[in-house]
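J.: Coordinates in target_28.txt, compact mmCIF, C-alpha atoms and all ligand atoms, are listed below.
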```txt
# COMPACT_ATOMS: atom_id res chain seq x y z
CA MET A 1 -24.06 -12.42 11.38
CA LEU A 2 -21.45 -9.72 10.92
CA LYS A 3 -23.67 -7.21 12.64
CA ALA A 4 -24.20 -9.50 15.61
CA THR A 5 -20.47 -10.04 15.92
CA GLY A 6 -19.87 -6.27 15.79
CA GLU A 7 -22.48 -5.61 18.48
CA THR A 8 -21.05 -8.30 20.74
CA ARG A 9 -17.61 -6.76 20.30
CA ILE A 10 -18.88 -3.31 21.26
CA LYS A 11 -20.58 -4.75 24.36
CA GLU A 12 -17.37 -6.52 25.29
CA MET A 13 -15.34 -3.33 24.80
CA THR A 14 -17.57 -1.30 27.11
CA LYS A 15 -16.69 -3.79 29.86
CA ILE A 16 -12.95 -3.29 29.39
CA ASP A 17 -11.06 -1.03 31.78
CA PHE A 18 -8.97 1.06 29.36
CA ASP A 19 -7.01 2.80 32.15
CA LYS A 20 -5.66 -0.54 33.35
CA TYR A 21 -3.03 -0.49 30.59
CA GLU A 22 -1.90 3.14 30.91
CA GLU A 23 1.14 2.30 33.03
CA PHE A 24 2.43 -0.08 30.35
CA TYR A 25 2.47 2.16 27.30
CA ALA A 26 5.82 3.51 26.12
CA LYS A 27 5.92 7.32 26.32
CA ARG A 28 6.16 7.66 22.55
CA SER A 29 2.90 5.75 22.11
CA GLY A 30 1.19 8.88 23.40
CA GLU A 31 2.14 10.48 20.07
CA MET A 32 0.59 7.69 18.03
CA ARG A 33 -2.43 8.60 16.02
CA SER A 34 -4.48 7.34 13.20
CA SER A 35 -4.27 8.75 9.70
CA VAL A 36 -7.45 10.43 8.54
CA MET A 37 -7.67 8.11 5.53
CA ARG A 38 -7.57 4.96 7.64
CA ASP A 39 -10.36 6.34 9.87
CA LEU A 40 -12.45 7.07 6.83
CA MET A 41 -11.96 3.62 5.29
CA ALA A 42 -14.45 2.06 7.75
CA VAL A 43 -17.16 4.67 7.17
CA VAL A 44 -16.87 4.77 3.39
CA ALA A 45 -17.03 0.99 3.09
CA ARG A 46 -20.82 1.31 3.54
CA PRO A 47 -22.29 0.39 0.14
CA GLU A 48 -24.60 3.41 -0.01
CA VAL A 49 -21.66 5.84 0.27
CA ILE A 50 -20.00 7.21 -2.87
CA SER A 51 -16.41 7.49 -1.78
CA LEU A 52 -14.08 9.97 -3.40
CA ALA A 53 -11.93 9.56 -0.28
CA GLY A 54 -9.70 6.51 -0.72
CA GLY A 55 -6.79 6.36 -3.16
CA LEU A 56 -7.91 2.92 -4.27
CA PRO A 57 -6.37 1.64 -7.52
CA SER A 58 -8.70 0.22 -10.13
CA THR A 59 -7.91 -3.41 -9.26
CA GLU A 60 -11.01 -4.61 -11.14
CA SER A 61 -9.06 -3.75 -14.32
CA PHE A 62 -6.59 -6.58 -13.72
CA SER A 63 -7.35 -9.71 -15.76
CA ARG A 64 -8.90 -12.40 -13.58
CA LYS A 65 -7.58 -15.05 -15.94
CA MET A 66 -4.05 -13.72 -15.56
CA LEU A 67 -4.36 -13.67 -11.77
CA ALA A 68 -5.67 -17.25 -11.78
CA LYS A 69 -2.83 -18.37 -14.04
CA ILE A 70 -0.15 -16.74 -11.89
CA MET A 71 -1.61 -18.19 -8.70
CA HIS A 72 -1.97 -21.60 -10.30
CA ASP A 73 1.59 -21.61 -11.67
CA VAL A 74 3.14 -20.47 -8.40
CA SER A 75 1.22 -23.12 -6.46
CA MET A 76 1.95 -25.93 -8.89
CA HIS A 77 5.61 -25.19 -9.61
CA GLU A 78 7.04 -23.21 -6.70
CA SER A 79 4.85 -23.98 -3.74
CA ALA A 80 7.55 -24.98 -1.25
CA ALA A 81 9.64 -21.87 -1.88
CA ALA A 82 6.56 -19.62 -2.07
CA LEU A 83 5.49 -20.75 1.39
CA GLN A 84 8.98 -20.41 2.88
CA TYR A 85 10.85 -17.48 4.51
CA GLY A 86 13.08 -15.53 2.14
CA PRO A 87 15.96 -13.05 2.28
CA THR A 88 15.28 -9.81 4.19
CA GLU A 89 16.20 -7.67 1.18
CA GLY A 90 13.95 -9.66 -1.17
CA PHE A 91 14.72 -12.01 -4.05
CA ASP A 92 17.19 -10.94 -6.73
CA GLU A 93 14.52 -11.57 -9.36
CA THR A 94 12.15 -9.16 -7.60
CA LYS A 95 14.91 -6.56 -7.46
CA GLN A 96 15.63 -7.08 -11.17
CA ASN A 97 11.98 -6.39 -11.90
CA ILE A 98 12.08 -3.31 -9.69
CA ALA A 99 15.12 -2.12 -11.63
CA LYS A 100 13.05 -2.52 -14.83
CA VAL A 101 10.23 -0.45 -13.36
CA MET A 102 12.66 2.30 -12.33
CA ALA A 103 14.36 2.17 -15.74
CA ALA A 104 10.97 2.85 -17.36
CA GLU A 105 11.05 6.19 -15.52
CA GLY A 106 14.60 6.81 -16.71
CA THR A 107 16.29 5.88 -13.42
CA HIS A 108 19.19 3.46 -13.32
CA VAL A 109 19.50 1.44 -10.13
CA ASP A 110 21.84 -1.41 -9.24
CA ILE A 111 19.99 -4.31 -7.61
CA ASP A 112 22.44 -4.21 -4.70
CA ASP A 113 21.09 -0.74 -3.90
CA LEU A 114 17.55 -2.07 -3.31
CA ILE A 115 15.59 -3.62 -0.49
CA VAL A 116 12.07 -4.96 -1.04
CA THR A 117 9.59 -3.71 1.57
CA THR A 118 6.02 -4.28 2.64
CA GLY A 119 4.72 -1.39 0.53
CA ALA A 120 6.19 2.09 0.31
CA GLN A 121 4.53 2.68 3.67
CA GLN A 122 7.12 0.44 5.31
CA GLY A 123 9.82 2.48 3.57
CA ILE A 124 8.41 5.61 5.23
CA ASP A 125 8.18 3.90 8.60
CA LEU A 126 11.70 2.43 8.42
CA SER A 127 13.11 5.81 7.37
CA ALA A 128 11.48 7.42 10.40
CA ARG A 129 12.65 4.57 12.66
CA LEU A 130 16.26 4.89 11.45
CA LEU A 131 16.62 8.62 11.28
CA ILE A 132 14.35 10.37 13.80
CA ASP A 133 15.16 10.98 17.44
CA PRO A 134 12.53 12.73 19.60
CA GLY A 135 12.48 16.44 18.79
CA ASP A 136 14.29 16.12 15.46
CA VAL A 137 13.06 18.33 12.65
CA ILE A 138 11.89 16.89 9.38
CA ILE A 139 10.64 18.98 6.47
CA ALA A 140 7.58 17.97 4.46
CA GLU A 141 5.34 19.64 1.94
CA ALA A 142 2.18 21.47 3.02
CA PRO A 143 0.00 19.54 2.34
CA THR A 144 1.69 16.15 2.63
CA TYR A 145 0.63 12.50 2.35
CA PRO A 146 -1.71 11.98 5.35
CA GLY A 147 -0.38 8.43 5.86
CA ALA A 148 3.18 9.68 6.38
CA ILE A 149 2.32 12.01 9.24
CA PRO A 150 1.71 9.26 11.86
CA SER A 151 4.99 7.60 10.84
CA PHE A 152 6.86 10.83 11.59
CA THR A 153 4.97 11.82 14.73
CA ASN A 154 5.21 8.26 16.16
CA PHE A 155 8.92 8.96 16.48
CA GLN A 156 8.26 12.41 17.94
CA ALA A 157 9.55 14.42 15.01
CA GLU A 158 8.85 18.11 14.72
CA VAL A 159 7.29 18.26 11.26
CA ILE A 160 7.85 21.60 9.53
CA GLN A 161 5.66 21.89 6.44
CA ILE A 162 6.61 24.14 3.55
CA PRO A 163 3.90 25.24 1.10
CA LEU A 164 3.70 23.85 -2.39
CA ASP A 165 2.14 25.46 -5.45
CA GLU A 166 1.34 24.23 -8.97
CA ASP A 167 5.09 23.52 -9.47
CA GLY A 168 5.34 21.43 -6.30
CA LEU A 169 7.35 22.16 -3.15
CA ARG A 170 8.45 25.82 -2.87
CA THR A 171 12.20 25.25 -2.96
CA ASP A 172 12.90 28.94 -2.25
CA LEU A 173 11.04 28.67 1.06
CA THR A 174 12.66 25.32 1.78
CA ARG A 175 16.09 26.91 1.39
CA LYS A 176 15.09 29.76 3.71
CA GLU A 177 13.86 27.27 6.32
CA VAL A 178 17.03 25.17 6.11
CA GLU A 179 19.11 28.35 6.54
CA ARG A 180 16.94 29.54 9.44
CA LEU A 181 17.36 26.18 11.18
CA ALA A 182 21.12 26.25 10.54
CA LYS A 183 21.36 29.64 12.27
CA ASN A 184 19.82 27.96 15.34
CA GLY A 185 22.28 25.07 15.10
CA ARG A 186 19.64 22.68 13.74
CA LYS A 187 19.42 20.59 10.63
CA PRO A 188 16.43 18.64 9.34
CA LYS A 189 16.88 14.86 9.44
CA PHE A 190 15.33 14.68 6.00
CA ILE A 191 13.13 16.45 3.49
CA TYR A 192 10.13 14.27 2.60
CA VAL A 193 8.83 14.99 -0.86
CA ILE A 194 6.34 13.43 -3.30
CA PRO A 195 7.56 14.78 -6.64
CA ASN A 196 5.06 13.22 -9.05
CA PHE A 197 1.27 13.68 -9.02
CA HIS A 198 1.35 14.54 -5.39
CA ASN A 199 -0.87 12.97 -2.79
CA PRO A 200 -3.02 14.92 -1.96
CA ALA A 201 -2.29 18.00 -4.09
CA GLY A 202 -2.10 16.36 -7.56
CA VAL A 203 0.79 18.63 -8.65
CA SER A 204 4.33 17.69 -9.76
CA LEU A 205 7.67 19.23 -8.83
CA SER A 206 9.02 21.21 -11.79
CA LEU A 207 12.35 20.28 -13.35
CA ARG A 208 13.96 23.51 -12.15
CA ARG A 209 12.87 22.84 -8.57
CA ARG A 210 14.08 19.23 -8.76
CA HIS A 211 17.54 20.55 -9.58
CA GLU A 212 17.27 23.18 -6.83
CA LEU A 213 16.27 20.63 -4.21
CA VAL A 214 19.07 18.24 -5.09
CA ALA A 215 21.53 21.17 -5.05
CA LEU A 216 20.24 22.31 -1.64
CA ALA A 217 20.75 18.79 -0.26
CA LYS A 218 24.30 18.72 -1.60
CA GLU A 219 25.15 22.17 -0.29
CA HIS A 220 23.83 21.52 3.23
CA GLY A 221 24.49 17.77 3.44
CA LEU A 222 20.82 16.84 3.73
CA ILE A 223 18.89 13.65 3.03
CA ILE A 224 15.89 13.76 0.69
CA LEU A 225 13.23 11.09 1.16
CA GLU A 226 11.67 10.82 -2.30
CA ASP A 227 8.31 9.01 -2.28
CA ASN A 228 7.18 8.15 -5.79
CA PRO A 229 4.13 5.86 -5.95
CA TYR A 230 2.50 7.66 -8.89
CA GLY A 231 5.36 8.51 -11.28
CA GLN A 232 4.37 5.84 -13.83
CA LEU A 233 0.78 7.07 -13.98
CA ARG A 234 1.30 10.01 -16.34
CA PHE A 235 -1.68 10.92 -18.54
CA GLU A 236 0.05 13.64 -20.52
CA GLY A 237 3.17 15.82 -20.64
CA GLU A 238 6.84 14.92 -20.59
CA PRO A 239 8.21 12.63 -17.84
CA LEU A 240 10.59 14.37 -15.44
CA PRO A 241 13.72 12.80 -13.94
CA ASN A 242 13.48 11.50 -10.39
CA LEU A 243 15.49 13.21 -7.67
CA PHE A 244 17.28 9.89 -7.14
CA SER A 245 18.65 10.05 -10.69
CA LEU A 246 19.53 13.78 -10.52
CA ASP A 247 21.49 13.40 -7.29
CA ASN A 248 25.24 12.79 -7.67
CA ASP A 249 26.07 13.07 -3.98
CA ASN A 250 24.27 10.03 -2.48
CA ASN A 251 21.71 12.17 -0.66
CA VAL A 252 18.46 10.59 -1.84
CA ILE A 253 16.48 7.70 -0.36
CA TYR A 254 13.94 6.61 -2.97
CA LEU A 255 10.66 4.84 -2.16
CA GLY A 256 8.74 2.93 -4.83
CA THR A 257 5.79 0.55 -4.86
CA PHE A 258 3.86 -1.97 -6.91
CA SER A 259 0.65 -0.73 -5.28
CA LYS A 260 -0.42 1.73 -7.98
CA ILE A 261 0.95 -0.06 -11.04
CA LEU A 262 -0.25 -3.53 -10.06
CA SER A 263 -1.97 -4.06 -6.70
CA PRO A 264 -1.84 -2.64 -3.18
CA GLY A 265 -3.11 -6.01 -1.88
CA ILE A 266 0.20 -7.70 -2.65
CA ARG A 267 1.90 -5.17 -0.30
CA LEU A 268 5.25 -4.92 -2.09
CA GLY A 269 7.32 -1.78 -2.35
CA TRP A 270 10.99 -0.94 -2.23
CA VAL A 271 13.71 1.37 -1.00
CA ALA A 272 16.69 2.39 -3.14
CA ALA A 273 19.40 4.04 -1.08
CA PRO A 274 23.16 4.48 -0.67
CA ALA A 275 24.81 1.32 0.73
CA PRO A 276 25.40 2.45 4.35
CA LEU A 277 21.78 3.52 4.74
CA LEU A 278 20.54 0.37 3.04
CA ALA A 279 22.39 -1.80 5.56
CA LYS A 280 20.47 -0.02 8.33
CA PHE A 281 17.19 -0.46 6.45
CA ASN A 282 17.95 -4.17 6.33
CA LEU A 283 18.44 -4.28 10.12
CA GLY A 284 15.23 -2.31 10.65
CA LYS A 285 13.31 -4.65 8.38
CA GLN A 286 14.69 -7.75 10.10
CA ALA A 287 13.26 -6.46 13.37
CA ALA A 288 9.96 -5.38 11.81
CA ASP A 289 8.96 -8.45 9.78
CA LEU A 290 12.03 -10.56 8.84
CA CYS A 291 11.39 -10.49 5.10
CA PRO A 292 8.91 -9.34 2.46
CA SER A 293 6.21 -11.85 1.50
CA THR A 294 7.79 -14.58 -0.61
CA LEU A 295 4.42 -15.60 -2.01
CA ALA A 296 3.69 -12.07 -3.19
CA GLN A 297 7.16 -11.73 -4.72
CA MET A 298 6.79 -14.97 -6.64
CA MET A 299 3.45 -13.88 -8.00
CA VAL A 300 4.88 -10.55 -9.12
CA ASN A 301 7.92 -12.21 -10.66
CA ARG A 302 5.76 -14.69 -12.60
CA TYR A 303 3.60 -11.85 -13.78
CA PHE A 304 6.65 -9.92 -14.99
CA SER A 305 7.94 -12.96 -16.86
CA GLU A 306 4.55 -13.82 -18.46
CA ALA A 307 3.13 -10.47 -19.40
CA ARG A 308 4.15 -6.98 -20.39
CA TRP A 309 3.59 -5.12 -17.13
CA GLN A 310 3.64 -1.82 -19.03
CA ASP A 311 0.58 -2.86 -21.05
CA TYR A 312 -1.38 -3.08 -17.82
CA VAL A 313 -0.07 0.31 -16.69
CA GLU A 314 -1.19 1.77 -20.07
CA LYS A 315 -4.60 0.21 -19.54
CA VAL A 316 -5.12 1.73 -16.08
CA ILE A 317 -3.73 5.07 -17.23
CA GLY A 318 -6.58 5.09 -19.77
CA VAL A 319 -9.10 4.38 -17.01
CA TYR A 320 -7.69 7.07 -14.71
CA ARG A 321 -7.35 9.69 -17.43
CA ALA A 322 -11.01 9.28 -18.37
CA ARG A 323 -12.04 9.45 -14.70
CA ARG A 324 -9.94 12.57 -14.16
CA ASP A 325 -11.59 14.23 -17.15
CA VAL A 326 -15.04 13.35 -15.85
CA MET A 327 -14.20 14.71 -12.41
CA LEU A 328 -12.82 17.99 -13.80
CA ALA A 329 -15.94 18.46 -15.95
CA ALA A 330 -18.21 17.70 -12.97
CA LEU A 331 -16.30 20.16 -10.76
CA ALA A 332 -16.77 22.89 -13.37
CA GLU A 333 -20.48 22.15 -13.46
CA TYR A 334 -21.31 21.60 -9.79
CA PHE A 335 -18.79 23.43 -7.62
CA PRO A 336 -19.36 27.14 -6.86
CA GLU A 337 -17.22 29.64 -8.73
CA GLU A 338 -15.52 30.64 -5.46
CA ALA A 339 -13.84 27.19 -5.45
CA SER A 340 -10.69 26.27 -7.35
CA TRP A 341 -8.91 22.96 -7.96
CA THR A 342 -5.78 21.43 -9.45
CA ARG A 343 -5.69 19.74 -12.88
CA PRO A 344 -3.40 16.77 -12.36
CA GLN A 345 -1.47 15.38 -15.32
CA GLY A 346 -1.42 11.95 -13.71
CA GLY A 347 -1.96 10.06 -10.46
CA PHE A 348 -5.14 9.78 -8.44
CA TYR A 349 -6.10 13.12 -6.89
CA VAL A 350 -7.66 16.52 -7.41
CA TRP A 351 -7.07 19.04 -4.63
CA ALA A 352 -9.87 21.55 -4.21
CA THR A 353 -9.68 24.87 -2.39
CA LEU A 354 -12.81 26.46 -0.92
CA PRO A 355 -13.36 29.89 0.63
CA GLY A 356 -11.40 30.16 3.89
CA TYR A 357 -14.49 30.29 6.12
CA LEU A 358 -15.53 26.75 5.14
CA ASN A 359 -14.27 23.81 7.17
CA SER A 360 -13.98 20.54 5.27
CA VAL A 361 -14.25 18.39 8.42
CA ASP A 362 -17.70 19.89 9.07
CA LEU A 363 -18.51 19.57 5.38
CA LEU A 364 -17.53 15.90 5.44
CA ALA A 365 -19.85 15.22 8.39
CA LEU A 366 -22.72 16.85 6.47
CA ALA A 367 -21.80 15.18 3.20
CA LEU A 368 -21.82 11.74 4.82
CA GLU A 369 -24.95 12.34 6.85
CA GLU A 370 -27.09 14.09 4.25
CA GLU A 371 -25.67 13.02 0.90
CA GLN A 372 -23.80 9.73 1.52
CA VAL A 373 -20.65 10.96 -0.14
CA ALA A 374 -17.08 11.12 1.18
CA PHE A 375 -13.78 12.89 0.50
CA VAL A 376 -10.62 13.46 2.55
CA PRO A 377 -10.69 16.75 4.48
CA GLY A 378 -7.59 18.85 3.87
CA SER A 379 -6.55 19.13 7.51
CA GLY A 380 -5.54 15.44 7.43
CA ALA A 381 -2.56 16.51 5.33
CA TRP A 382 -1.10 18.79 8.02
CA ALA A 383 0.75 17.50 11.06
CA ASP A 384 -1.14 19.90 13.37
CA GLY A 385 -4.42 18.35 12.16
CA VAL A 386 -6.13 21.75 11.84
CA SER A 387 -4.43 23.78 9.09
CA GLY A 388 -5.69 23.53 5.53
CA ALA A 389 -9.28 22.96 6.63
CA ASN A 390 -10.68 24.70 3.54
CA HIS A 391 -9.24 22.07 1.19
CA LEU A 392 -10.61 18.72 0.01
CA ARG A 393 -8.83 15.78 -1.55
CA LEU A 394 -10.98 14.19 -4.24
CA ALA A 395 -9.81 10.82 -5.54
CA PHE A 396 -10.97 9.93 -9.05
CA CYS A 397 -9.08 6.62 -9.26
CA GLY A 398 -11.35 4.01 -7.71
CA VAL A 399 -14.88 5.10 -8.67
CA PRO A 400 -16.78 4.57 -11.96
CA GLN A 401 -17.46 7.67 -14.03
CA ASP A 402 -21.20 7.97 -13.27
CA LYS A 403 -20.50 7.83 -9.54
CA ILE A 404 -17.80 10.47 -9.83
CA VAL A 405 -20.33 12.86 -11.40
CA GLU A 406 -22.97 12.05 -8.80
CA GLY A 407 -20.43 12.34 -5.96
CA ILE A 408 -19.19 15.75 -7.09
CA LYS A 409 -22.77 16.93 -7.59
CA ARG A 410 -23.62 15.96 -4.01
CA ILE A 411 -20.48 17.54 -2.52
CA GLY A 412 -21.17 20.69 -4.56
CA LYS A 413 -24.68 20.82 -3.07
CA VAL A 414 -23.37 20.61 0.50
CA ILE A 415 -20.77 23.32 -0.20
CA ARG A 416 -23.37 25.66 -1.73
CA GLU A 417 -25.74 25.14 1.21
CA GLN A 418 -22.97 25.99 3.65
CA MET A 419 -22.01 29.08 1.68
CA GLU A 420 -25.63 30.23 1.65
CA LEU A 421 -25.89 29.66 5.38
CA PHE A 422 -22.73 31.70 5.92
CA ARG A 423 -24.16 34.57 3.85
CA ALA A 424 -27.53 34.35 5.60
CA LEU A 425 -25.74 34.69 8.93
CA GLY A 426 -24.18 37.90 7.67
CA GLY A 427 -20.75 36.49 6.78
C1 LIG B 501 2.48 9.25 -1.26
C2 LIG B 501 2.25 7.85 -0.82
N1 LIG B 501 3.23 7.19 -0.21
C3 LIG B 501 3.07 5.92 0.21
C4 LIG B 501 1.87 5.26 0.04
C5 LIG B 501 1.73 3.86 0.55
O1 LIG B 501 1.80 2.96 -0.50
P1 LIG B 501 1.99 1.40 -0.32
O2 LIG B 501 0.69 0.78 -0.69
O3 LIG B 501 3.06 1.04 -1.28
O4 LIG B 501 2.38 1.12 1.07
C6 LIG B 501 0.81 5.92 -0.58
C7 LIG B 501 -0.50 5.25 -0.74
O5 LIG B 501 -1.49 5.82 -1.11
C8 LIG B 501 1.01 7.24 -1.04
O6 LIG B 501 0.05 7.93 -1.66
```
Is it possible to give me this structure as structure tokens?

T.:
Amino acid sequence: MLKATGETRIKEMTKIDFDKYEEFYAKRSGEMRSSVMRDLMAVVARPEVISLAGGLPSTESFSRKMLAKIMHDVSMHESAAALQYGPTEGFDETKQNIAKVMAAEGTHVDIDDLIVTTGAQQGIDLSARLLIDPGDVIIAEAPTYPGAIPSFTNFQAEVIQIPLDEDGLRTDLTRKEVERLAKNGRKPKFIYVIPNFHNPAGVSLSLRRRHELVALAKEHGLIILEDNPYGQLRFEGEPLPNLFSLDNDNNVIYLGTFSKILSPGIRLGWVAAPAPLLAKFNLGKQAADLCPSTLAQMMVNRYFSEARWQDYVEKVIGVYRARRDVMLAALAEYFPEEASWTRPQGGFYVWATLPGYLNSVDLLALALEEEQVAFVPGSGAWADGVSGANHLRLAFCGVPQDKIVEGIKRIGKVIREQMELFRALGG
């Protein structure tokens, strides 16, 4: 049935005159593009594919009974309000729960400094919408979150990416870049940074660099856009303070989400920001979607009042830690010695580096075709879409342990075959 519908749709599409609409598109829509992860989602949904591509939380770990109870209670006791519109900034109760989540990471936030969004992704999009004019510079890490790149390029930003290493963003190079831009009379609109268990690189920004970045923002009057979906998912080591809590000059916009500590399906995230910026976020959100889902907020709020949310986070941390360990062991066994990879202390991702002559887009095509296994090619994490092609993002979060081992084994095989071919061709 599904197949038939798909085929009919393709037949219909071939009849459509695509050029007919060209004259209607806004100029900036020419810059719109898809993120590599979204493109991959369709391919990797095939049941025969082992996907180490998507950053999919282990939602099967959430208690079905608890979900049923929450849904039942919301429907029986709060149905009218749950089905109604709500305030643009979200319910106070939701914001109180968000403040609890941030407090667990050592960050104090006043609920008046929060707006509830449709995932952290909306926080990225609204930030771009509010702050970027065509041609503006923004600074991001190299690599950066592939899903953020379309948000920035949609608004025609010039994205300058600064390398990171095992201690996160190179703040020395960031300072140099800010100074170079200043000499040319330019200033970045913001510095986008993922300080904890980076997507895709798996690394965290060191404490020293956190202080340096906040100091740089203060010195040059810059905005930092801190995106922190993974901070709660620490497997080991000491938690580090968020940039939002280190900043004493109102320079940080903080993005959080329930996606990785509860569920991405409920689509709830938040922005914490200084009051004048927050007022603009509110206006942007009104235009985008009026308000966050009331139904989703009520479910989250019931969950927070019924259960200890941190117990669930502890549970999934256990799942992810074990999966990370299995992936690291499999990499050591099946990847060639010319490859290297990060050893994340939390989060979802391992970032692998292959010899420079290998291209992970080509490898992905082979891996899918010959071995039915997927990963995210590194170039998706660069705004130019071509740099970083010898890297792979390997997600250990959403796949059972046996499949992680099998997936890494298969990717290792494809890599070795390509390396042998390169040698045979005299490389
Ligand atoms: C760094 C980063 N930011 C934002 C998001 C989007 O999260 P949300 O589901 O809250 O929209 C993700 C999702 O993977 C992410 O990794």

J.: Here is a test: counting only C-alpha atoms, which residue of A:Phe155, A:Tyr334, A:Phe197, A:Phe304 is nearest to Lys27 in chain A?

T.: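 Nearest to Lys27 in chain A: A:Phe155.
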
J.: Which is closer to Ile111 in chain A than all the others in A:Gly426, A:Gly202, A:Ala275, A:Arg170, using all atoms listed in the file?

T.: A:Ala275

J.: Please write out the residues within 10 Å of ligand LIG 501 (chain B) as a PDB file with C-alpha atoms, in the coordinates of the input, counting all atoms listed in the file.

T.:
```
ATOM      1  CA  MET A  37      -7.670   8.110   5.530  1.00  0.00           C
ATOM      2  CA  GLY A  54      -9.700   6.510  -0.720  1.00  0.00           C
ATOM      3  CA  GLY A  55      -6.790   6.360  -3.160  1.00  0.00           C
ATOM      4  CA  LEU A  56      -7.910   2.920  -4.270  1.00  0.00           C
ATOM      5  CA  PRO A  57      -6.370   1.640  -7.520  1.00  0.00           C
ATOM      6  CA  THR A 117       9.590  -3.710   1.570  1.00  0.00           C
ATOM      7  CA  THR A 118       6.020  -4.280   2.640  1.00  0.00           C
ATOM      8  CA  GLY A 119       4.720  -1.390   0.530  1.00  0.00           C
ATOM      9  CA  ALA A 120       6.190   2.090   0.310  1.00  0.00           C
ATOM     10  CA  GLN A 121       4.530   2.680   3.670  1.00  0.00           C
ATOM     11  CA  GLN A 122       7.120   0.440   5.310  1.00  0.00           C
ATOM     12  CA  GLY A 123       9.820   2.480   3.570  1.00  0.00           C
ATOM     13  CA  ILE A 124       8.410   5.610   5.230  1.00  0.00           C
ATOM     14  CA  ASP A 125       8.180   3.900   8.600  1.00  0.00           C
ATOM     15  CA  THR A 144       1.690  16.150   2.630  1.00  0.00           C
ATOM     16  CA  TYR A 145       0.630  12.500   2.350  1.00  0.00           C
ATOM     17  CA  PRO A 146      -1.710  11.980   5.350  1.00  0.00           C
ATOM     18  CA  GLY A 147      -0.380   8.430   5.860  1.00  0.00           C
ATOM     19  CA  ALA A 148       3.180   9.680   6.380  1.00  0.00           C
ATOM     20  CA  TYR A 192      10.130  14.270   2.600  1.00  0.00           C
ATOM     21  CA  VAL A 193       8.830  14.990  -0.860  1.00  0.00           C
ATOM     22  CA  ILE A 194       6.340  13.430  -3.300  1.00  0.00           C
ATOM     23  CA  PRO A 195       7.560  14.780  -6.640  1.00  0.00           C
ATOM     24  CA  ASN A 196       5.060  13.220  -9.050  1.00  0.00           C
ATOM     25  CA  PHE A 197       1.270  13.680  -9.020  1.00  0.00           C
ATOM     26  CA  HIS A 198       1.350  14.540  -5.390  1.00  0.00           C
ATOM     27  CA  ASN A 199      -0.870  12.970  -2.790  1.00  0.00           C
ATOM     28  CA  PRO A 200      -3.020  14.920  -1.960  1.00  0.00           C
ATOM     29  CA  GLU A 226      11.670  10.820  -2.300  1.00  0.00           C
ATOM     30  CA  ASP A 227       8.310   9.010  -2.280  1.00  0.00           C
ATOM     31  CA  ASN A 228       7.180   8.150  -5.790  1.00  0.00           C
ATOM     32  CA  PRO A 229       4.130   5.860  -5.950  1.00  0.00           C
ATOM     33  CA  TYR A 230       2.500   7.660  -8.890  1.00  0.00           C
ATOM     34  CA  LEU A 255      10.660   4.840  -2.160  1.00  0.00           C
ATOM     35  CA  GLY A 256       8.740   2.930  -4.830  1.00  0.00           C
ATOM     36  CA  THR A 257       5.790   0.550  -4.860  1.00  0.00           C
ATOM     37  CA  PHE A 258       3.860  -1.970  -6.910  1.00  0.00           C
ATOM     38  CA  SER A 259       0.650  -0.730  -5.280  1.00  0.00           C
ATOM     39  CA  LYS A 260      -0.420   1.730  -7.980  1.00  0.00           C
ATOM     40  CA  SER A 263      -1.970  -4.060  -6.700  1.00  0.00           C
ATOM     41  CA  PRO A 264      -1.840  -2.640  -3.180  1.00  0.00           C
ATOM     42  CA  GLY A 265      -3.110  -6.010  -1.880  1.00  0.00           C
ATOM     43  CA  ILE A 266       0.200  -7.700  -2.650  1.00  0.00           C
ATOM     44  CA  ARG A 267       1.900  -5.170  -0.300  1.00  0.00           C
ATOM     45  CA  LEU A 268       5.250  -4.920  -2.090  1.00  0.00           C
ATOM     46  CA  GLY A 269       7.320  -1.780  -2.350  1.00  0.00           C
ATOM     47  CA  TRP A 270      10.990  -0.940  -2.230  1.00  0.00           C
ATOM     48  CA  GLY A 347      -1.960  10.060 -10.460  1.00  0.00           C
ATOM     49  CA  PHE A 348      -5.140   9.780  -8.440  1.00  0.00           C
ATOM     50  CA  TYR A 349      -6.100  13.120  -6.890  1.00  0.00           C
TER      51      TYR A 349
END
```

J.: Compile the contact shell of range 376-378 of chain A as a PyMOL selection string: residues with an atom at most 10 Å away, counting only C-alpha atoms, same-chain residues fewer than 4 positions apart removed.

T.: chain A and resi 36-37+40+51-55+143-144+146+200-201+351-353+359-364+382+385-395

J.: For Gly135 in chain A, find every residue with an atom within 9 Å (counting all atoms listed in the file), except residues of its own chain fewer than 2 positions away, and show them as a PDB file with C-alpha atoms, in the coordinates of the input.

T.:
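Output file part-v5.pdb is given in full below:
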```
ATOM      1  CA  ILE A 132      14.350  10.370  13.800  1.00  0.00           C
ATOM      2  CA  ASP A 133      15.160  10.980  17.440  1.00  0.00           C
ATOM      3  CA  VAL A 137      13.060  18.330  12.650  1.00  0.00           C
ATOM      4  CA  PHE A 155       8.920   8.960  16.480  1.00  0.00           C
ATOM      5  CA  GLN A 156       8.260  12.410  17.940  1.00  0.00           C
ATOM      6  CA  ALA A 157       9.550  14.420  15.010  1.00  0.00           C
ATOM      7  CA  GLU A 158       8.850  18.110  14.720  1.00  0.00           C
TER       8      GLU A 158
END
```

J.: Of the candidates A:Arg416, A:Lys187, A:Lys15, A:Arg324, which shows the shortest atom-to-atom distance to Cys397 in chain A, using all atoms listed in the file?

T.: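 Of all the options, A:Arg324 lies closest to Cys397 in chain A.
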
J.: Would you mind listing what lies within 10 Å of Asn97 in chain A as a list in words, with all atoms listed in the file counted and same-chain residues fewer than 2 positions away left out?

T.: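 The neighbour list is Asp92, Glu93, Thr94, Lys95, Ala99, Lys100, Val101, Met102, Ala103, Ile111, Val300, Asn301, Phe304, Ser305 and Trp309 of chain A.
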